[in-house]
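Peer 1: Just dropping this structure here.
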Amino acid sequence: MMTVLGCIADDFTGATDLAGLLARSGVRVSLRIGVPDGPPEDAAAFEVIALKIRTAPVEDAVSQALAALDWLREAGAERFFWKYCSTFDSTDKGNIGPVAEALMDRVGATQTVYCPAFPENGRSIFMGNLFVGQQPLAESPMKDHPLTPMRDSNLVRLLAPQVKQDVGLVDRLTVARGADALRAALADAPPHVIVDAVADEDLTTIATACRDFGLMTGGSAVAAPLPDLYRAADLIGDEAEAPAPTAPDAGAVILSGSCSAMTRKQVAAYDGPKFKLDPLTLDSDGPQAALDWLVAQDLADAPLIYATAEPDEVRAAQDKLGTAQAGEIVEQALARCARAARESGARRFVVAGGETSGAVTQALGVARLEIGPEIAPGVPWCFATSDGHDIAITLKSGNFGSEGFFSEALEKL
């Protein structure tokens, strides 16, 4: 099977979010952790490459994204999707815009669209402004994100400093008139176009109008209609259907590094055994106390190890250790806990947070994931091998899922 759509995601939870929505169609979706070392083998109709470049230096982010694009082209892809967070997480310099512009140049695209809307998860765009639920982005908890605080809700203003060419907007009033009206508006628009969306039908309109673009960009939800559109165009057939995966039956561990508002609620709601990591203690003493606690637990009880904390606690640790160092210490500790859990028999891993997901999957040596059932919108169970063992792993973006997500995830299997 040749790859029909090649996708590049800027972090690991975003990659599984995208893969999970594409897999709703029943089409086989393969997720690669990083750019594979070798040529494409056993390519799926939809290939997703998960990178860890959301906050990387711009040059590194562009280089990795172009390497992923080249691999996907070798797999047969002629259409591409650049996936970033539904809250448009970025710095003033990027990396959303610089990567998009580099990908456009490589595929020869003269225009692309930007649509991070995900109405099912409360993300909508109106008149170019991004809302999280009923709050403008800059008034939502994202304003306190430890790595990418979002202090402006207007996507045109956010994107413009990141790209060399002009940025425009196609608003909801045009999108509501349908795909033909949207195509006509795009014909008169600049190279970079923010597109409003407040409901799922808007996403279908956008995907229909942009189905044949060399490059689309956005959150996962605007890509979700593409499998049905490709099937209707006879680009994919029955041979692309996904086989049913088998979940491993063994102990579980939950690892949480996200400090998002929803993850804080999820940690508080979980009634299993818990151990809290403190970055200052980790800096002075290392993670041995957490490892000793973990080894003493019954993995049938799905113990939770977490660094999830309130914004004031996060800032206090960052003030003493530095933002990058505080995050790296936590990631390294959770990565060691993941390996220790696997060595103790854990075969089911629930992971919360994009940076944490990257650290854990790399620590477990996971190179490829097959996408399984969704636990919550944008959060599927995935299946892989780690050190010769079959494992199930879910990588949850910080604000996704309900308050009972951790228990719901385990019950799903």
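Lettering and numbering for the structure tokens are positional, with chains as A, B, ... in the shown order, residues counted from 1 in each chain, and ligands counted from 1 in the shown order.
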Find the nearest atom pair between each residue of segment 232-305 of chain A and segment 139-154 of chain A for residues within 12 Å, count only C-alpha atoms, give distances in Å to one decimal, sort rows by chain and ascending number, and present the table as a tab-separated table.

Peer 2:
residue	atom	partner	partner_atom	distance
A:Gly257	CA	A:Pro146	CA	11.6
A:Ser258	CA	A:Pro146	CA	9.8
A:Cys259	CA	A:His145	CA	8.0
A:Ser260	CA	A:Pro141	CA	7.4
A:Ala261	CA	A:Pro141	CA	6.6
A:Met262	CA	A:Pro141	CA	9.6
A:Thr263	CA	A:Pro141	CA	11.7
A:Arg264	CA	A:Pro141	CA	11.7

Peer 1: Those same residues - all heavy atoms - I'd like them written as a JSON list (two decimals), in the first residue's frame.

Peer 2:
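See out_20.json below for the written result:
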[["chain", "number", "residue", "atom", "x", "y", "z"],
["A", 257, "GLY", "N", 3.46, 14.35, 33.35],
["A", 257, "GLY", "CA", 4.31, 15.52, 33.49],
["A", 257, "GLY", "C", 3.59, 16.80, 33.14],
["A", 257, "GLY", "O", 4.10, 17.89, 33.39],
["A", 258, "SER", "N", 2.41, 16.69, 32.56],
["A", 258, "SER", "CA", 1.65, 17.87, 32.17],
["A", 258, "SER", "C", 1.18, 18.65, 33.40],
["A", 258, "SER", "O", 0.78, 18.06, 34.40],
["A", 258, "SER", "CB", 0.43, 17.46, 31.34],
["A", 258, "SER", "OG", -0.45, 18.55, 31.16],
["A", 259, "CYS", "N", 1.23, 19.98, 33.28],
["A", 259, "CYS", "CA", 0.71, 20.84, 34.34],
["A", 259, "CYS", "C", -0.52, 21.61, 33.88],
["A", 259, "CYS", "O", -0.87, 22.66, 34.45],
["A", 259, "CYS", "CB", 1.79, 21.80, 34.82],
["A", 259, "CYS", "SG", 3.17, 20.97, 35.65],
["A", 260, "SER", "N", -1.19, 21.10, 32.85],
["A", 260, "SER", "CA", -2.38, 21.76, 32.34],
["A", 260, "SER", "C", -3.51, 21.70, 33.37],
["A", 260, "SER", "O", -3.51, 20.86, 34.28],
["A", 260, "SER", "CB", -2.85, 21.11, 31.04],
["A", 260, "SER", "OG", -3.39, 19.83, 31.32],
["A", 261, "ALA", "N", -4.49, 22.58, 33.17],
["A", 261, "ALA", "CA", -5.61, 22.63, 34.11],
["A", 261, "ALA", "C", -6.35, 21.30, 34.17],
["A", 261, "ALA", "O", -6.68, 20.82, 35.27],
["A", 261, "ALA", "CB", -6.56, 23.76, 33.72],
["A", 262, "MET", "N", -6.60, 20.67, 33.01],
["A", 262, "MET", "CA", -7.34, 19.41, 33.02],
["A", 262, "MET", "C", -6.52, 18.29, 33.63],
["A", 262, "MET", "O", -7.05, 17.46, 34.39],
["A", 262, "MET", "CB", -7.80, 19.04, 31.61],
["A", 262, "MET", "CG", -8.57, 17.72, 31.55],
["A", 262, "MET", "SD", -9.96, 17.61, 32.72],
["A", 262, "MET", "CE", -11.14, 18.70, 31.93],
["A", 263, "THR", "N", -5.24, 18.22, 33.32],
["A", 263, "THR", "CA", -4.42, 17.15, 33.91],
["A", 263, "THR", "C", -4.35, 17.29, 35.42],
["A", 263, "THR", "O", -4.35, 16.29, 36.15],
["A", 263, "THR", "CB", -3.01, 17.15, 33.31],
["A", 263, "THR", "OG1", -3.10, 17.01, 31.89],
["A", 263, "THR", "CG2", -2.20, 15.97, 33.84],
["A", 264, "ARG", "N", -4.33, 18.51, 35.92],
["A", 264, "ARG", "CA", -4.35, 18.70, 37.38],
["A", 264, "ARG", "C", -5.62, 18.10, 37.98],
["A", 264, "ARG", "O", -5.60, 17.46, 39.04],
["A", 264, "ARG", "CB", -4.22, 20.18, 37.74],
["A", 264, "ARG", "CG", -2.91, 20.80, 37.30],
["A", 264, "ARG", "CD", -2.59, 22.10, 38.03],
["A", 264, "ARG", "NE", -3.59, 23.13, 37.88],
["A", 264, "ARG", "CZ", -3.60, 24.03, 36.90],
["A", 264, "ARG", "NH1", -2.66, 24.00, 35.96],
["A", 264, "ARG", "NH2", -4.53, 24.96, 36.84]]

Peer 1: So that I can check the surroundings of Arg157 of chain A, please list as a PyMOL selection string every protein, DNA and RNA residue that reaches within 10 Å of it, counting only C-alpha atoms and ignoring chain neighbours fewer than 2 positions away.

Peer 2: chain A and resi 128-129+152-155+159-162+167-168

Peer 1: Any idea what's packed within 7 Å of segment 379-388 of chain A, counting only C-alpha atoms, ignoring anything in its chain fewer than 4 positions away? Could you give it as a list of chain:residue names?

Peer 2: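 Result of the neighbour search: A:Thr16, A:Asp17, A:Gly20, A:Leu364, A:Gly365, A:Val366, A:Arg368, A:Leu369, A:Glu370, A:Ile371, A:Gly372, A:Pro373, A:Glu374, A:Ile375, A:Ala392, A:Ile393, A:Thr394, A:Leu395, A:Lys396.
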
Peer 1: With only C-alpha atoms as the basis for distance, which of A:Ala252, A:Ala138, A:Val350, A:Val360 is at the shortest distance from Gln332 of chain A?

Peer 2: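 Comparing A:Ala252, A:Ala138, A:Val350, A:Val360 against Gln332 of chain A, the winner is A:Val360.
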
Peer 1: Could you pull the residues within 8 Å of Tyr84 of chain A, counting only C-alpha atoms, minus those fewer than 5 positions along the same chain, as an mmCIF file with all heavy atoms, in the first residue's frame?

Peer 2:
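Saved the output as part-v1.cif:
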data_model
loop_
_atom_site.group_PDB
_atom_site.id
_atom_site.type_symbol
_atom_site.label_atom_id
_atom_site.label_comp_id
_atom_site.auth_asym_id
_atom_site.auth_seq_id
_atom_site.Cartn_x
_atom_site.Cartn_y
_atom_site.Cartn_z
ATOM 1 N N ALA A 9 3.956 15.787 12.772
ATOM 2 C CA ALA A 9 3.430 16.406 13.995
ATOM 3 C C ALA A 9 4.567 16.961 14.820
ATOM 4 O O ALA A 9 5.658 16.380 14.874
ATOM 5 C CB ALA A 9 2.643 15.382 14.809
ATOM 6 N N ASP A 10 4.317 18.078 15.495
ATOM 7 C CA ASP A 10 5.397 18.748 16.219
ATOM 8 C C ASP A 10 5.619 18.214 17.621
ATOM 9 O O ASP A 10 6.562 18.613 18.290
ATOM 10 C CB ASP A 10 5.188 20.262 16.242
ATOM 11 C CG ASP A 10 4.011 20.707 17.108
ATOM 12 O OD1 ASP A 10 3.222 19.843 17.536
ATOM 13 O OD2 ASP A 10 3.872 21.928 17.328
ATOM 14 N N ASP A 11 4.761 17.323 18.098
ATOM 15 C CA ASP A 11 5.047 16.618 19.342
ATOM 16 C C ASP A 11 4.329 15.280 19.340
ATOM 17 O O ASP A 11 3.572 14.960 18.425
ATOM 18 C CB ASP A 11 4.712 17.460 20.578
ATOM 19 C CG ASP A 11 3.236 17.445 20.962
ATOM 20 O OD1 ASP A 11 2.382 17.085 20.115
ATOM 21 O OD2 ASP A 11 2.930 17.815 22.109
ATOM 22 N N GLY A 14 0.432 15.187 20.028
ATOM 23 C CA GLY A 14 -0.236 15.699 18.836
ATOM 24 C C GLY A 14 -0.276 14.675 17.724
ATOM 25 O O GLY A 14 -1.255 14.597 16.961
ATOM 26 N N ARG A 54 8.341 21.255 18.976
ATOM 27 C CA ARG A 54 7.475 22.407 19.252
ATOM 28 C C ARG A 54 8.263 23.579 19.802
ATOM 29 O O ARG A 54 8.028 24.736 19.440
ATOM 30 C CB ARG A 54 6.353 22.027 20.218
ATOM 31 C CG ARG A 54 5.393 23.178 20.519
ATOM 32 C CD ARG A 54 4.133 22.693 21.192
ATOM 33 N NE ARG A 54 3.388 21.792 20.326
ATOM 34 C CZ ARG A 54 2.334 21.087 20.705
ATOM 35 N NH1 ARG A 54 1.915 21.173 21.955
ATOM 36 N NH2 ARG A 54 1.709 20.302 19.863
ATOM 37 N N ASP A 89 0.153 26.451 20.039
ATOM 38 C CA ASP A 89 1.340 26.637 20.885
ATOM 39 C C ASP A 89 2.550 26.989 20.050
ATOM 40 O O ASP A 89 2.937 26.241 19.144
ATOM 41 C CB ASP A 89 1.666 25.340 21.631
ATOM 42 C CG ASP A 89 0.662 25.036 22.714
ATOM 43 O OD1 ASP A 89 -0.487 25.471 22.580
ATOM 44 O OD2 ASP A 89 1.038 24.351 23.671
ATOM 45 N N ILE A 96 5.606 27.117 14.232
ATOM 46 C CA ILE A 96 4.533 26.784 13.300
ATOM 47 C C ILE A 96 4.801 27.389 11.928
ATOM 48 O O ILE A 96 4.802 26.697 10.903
ATOM 49 C CB ILE A 96 3.179 27.240 13.860
ATOM 50 C CG1 ILE A 96 2.816 26.424 15.105
ATOM 51 C CG2 ILE A 96 2.088 27.107 12.795
ATOM 52 C CD1 ILE A 96 1.592 26.937 15.850
ATOM 53 N N PRO A 116 -6.344 25.403 13.485
ATOM 54 C CA PRO A 116 -6.194 24.558 14.673
ATOM 55 C C PRO A 116 -7.496 24.235 15.388
ATOM 56 O O PRO A 116 -7.471 23.641 16.467
ATOM 57 C CB PRO A 116 -5.273 25.409 15.561
ATOM 58 C CG PRO A 116 -5.588 26.809 15.186
ATOM 59 C CD PRO A 116 -5.879 26.775 13.710
ATOM 60 N N THR A 217 -2.244 22.617 6.890
ATOM 61 C CA THR A 217 -1.739 22.664 8.256
ATOM 62 C C THR A 217 -2.903 22.886 9.203
ATOM 63 O O THR A 217 -3.934 23.435 8.832
ATOM 64 C CB THR A 217 -0.697 23.789 8.461
ATOM 65 O OG1 THR A 217 -1.343 24.997 8.861
ATOM 66 C CG2 THR A 217 0.128 24.049 7.212
ATOM 67 N N GLY A 218 -2.723 22.455 10.449
ATOM 68 C CA GLY A 218 -3.774 22.671 11.430
ATOM 69 C C GLY A 218 -3.672 21.738 12.605
ATOM 70 O O GLY A 218 -2.692 21.008 12.782
ATOM 71 N N GLY A 219 -4.712 21.772 13.428
ATOM 72 C CA GLY A 219 -4.882 20.768 14.452
ATOM 73 C C GLY A 219 -5.380 19.487 13.802
ATOM 74 O O GLY A 219 -5.600 19.423 12.589
ATOM 75 N N SER A 220 -5.584 18.478 14.606
ATOM 76 C CA SER A 220 -5.953 17.171 14.055
ATOM 77 C C SER A 220 -7.339 17.162 13.424
ATOM 78 O O SER A 220 -7.593 16.453 12.447
ATOM 79 C CB SER A 220 -5.896 16.114 15.160
ATOM 80 O OG SER A 220 -6.766 16.476 16.231
#

Peer 1: Record the distance separating atom CA of Arg172 of chain A and atom CA of Leu203 of chain A, expressed in Å with one decimal.

Peer 2: 10.9 Å

Peer 1: Skip Leu334 of chain A itself and residues of its chain fewer than 5 positions away, then list as a count of residues only all residues within 9 Å of it, counting only C-alpha atoms.

Peer 2: 13

Peer 1: Once DSSP has gone over the backbone, tell me which residues of segment 163-405 of chain A are in strand (DSSP E or B), as a ChimeraX atom specification.

Peer 2: /A:167-170,192-195,197,215-218,241,251-256,274-276,304-306,346-352,368-376,379-386,389-396
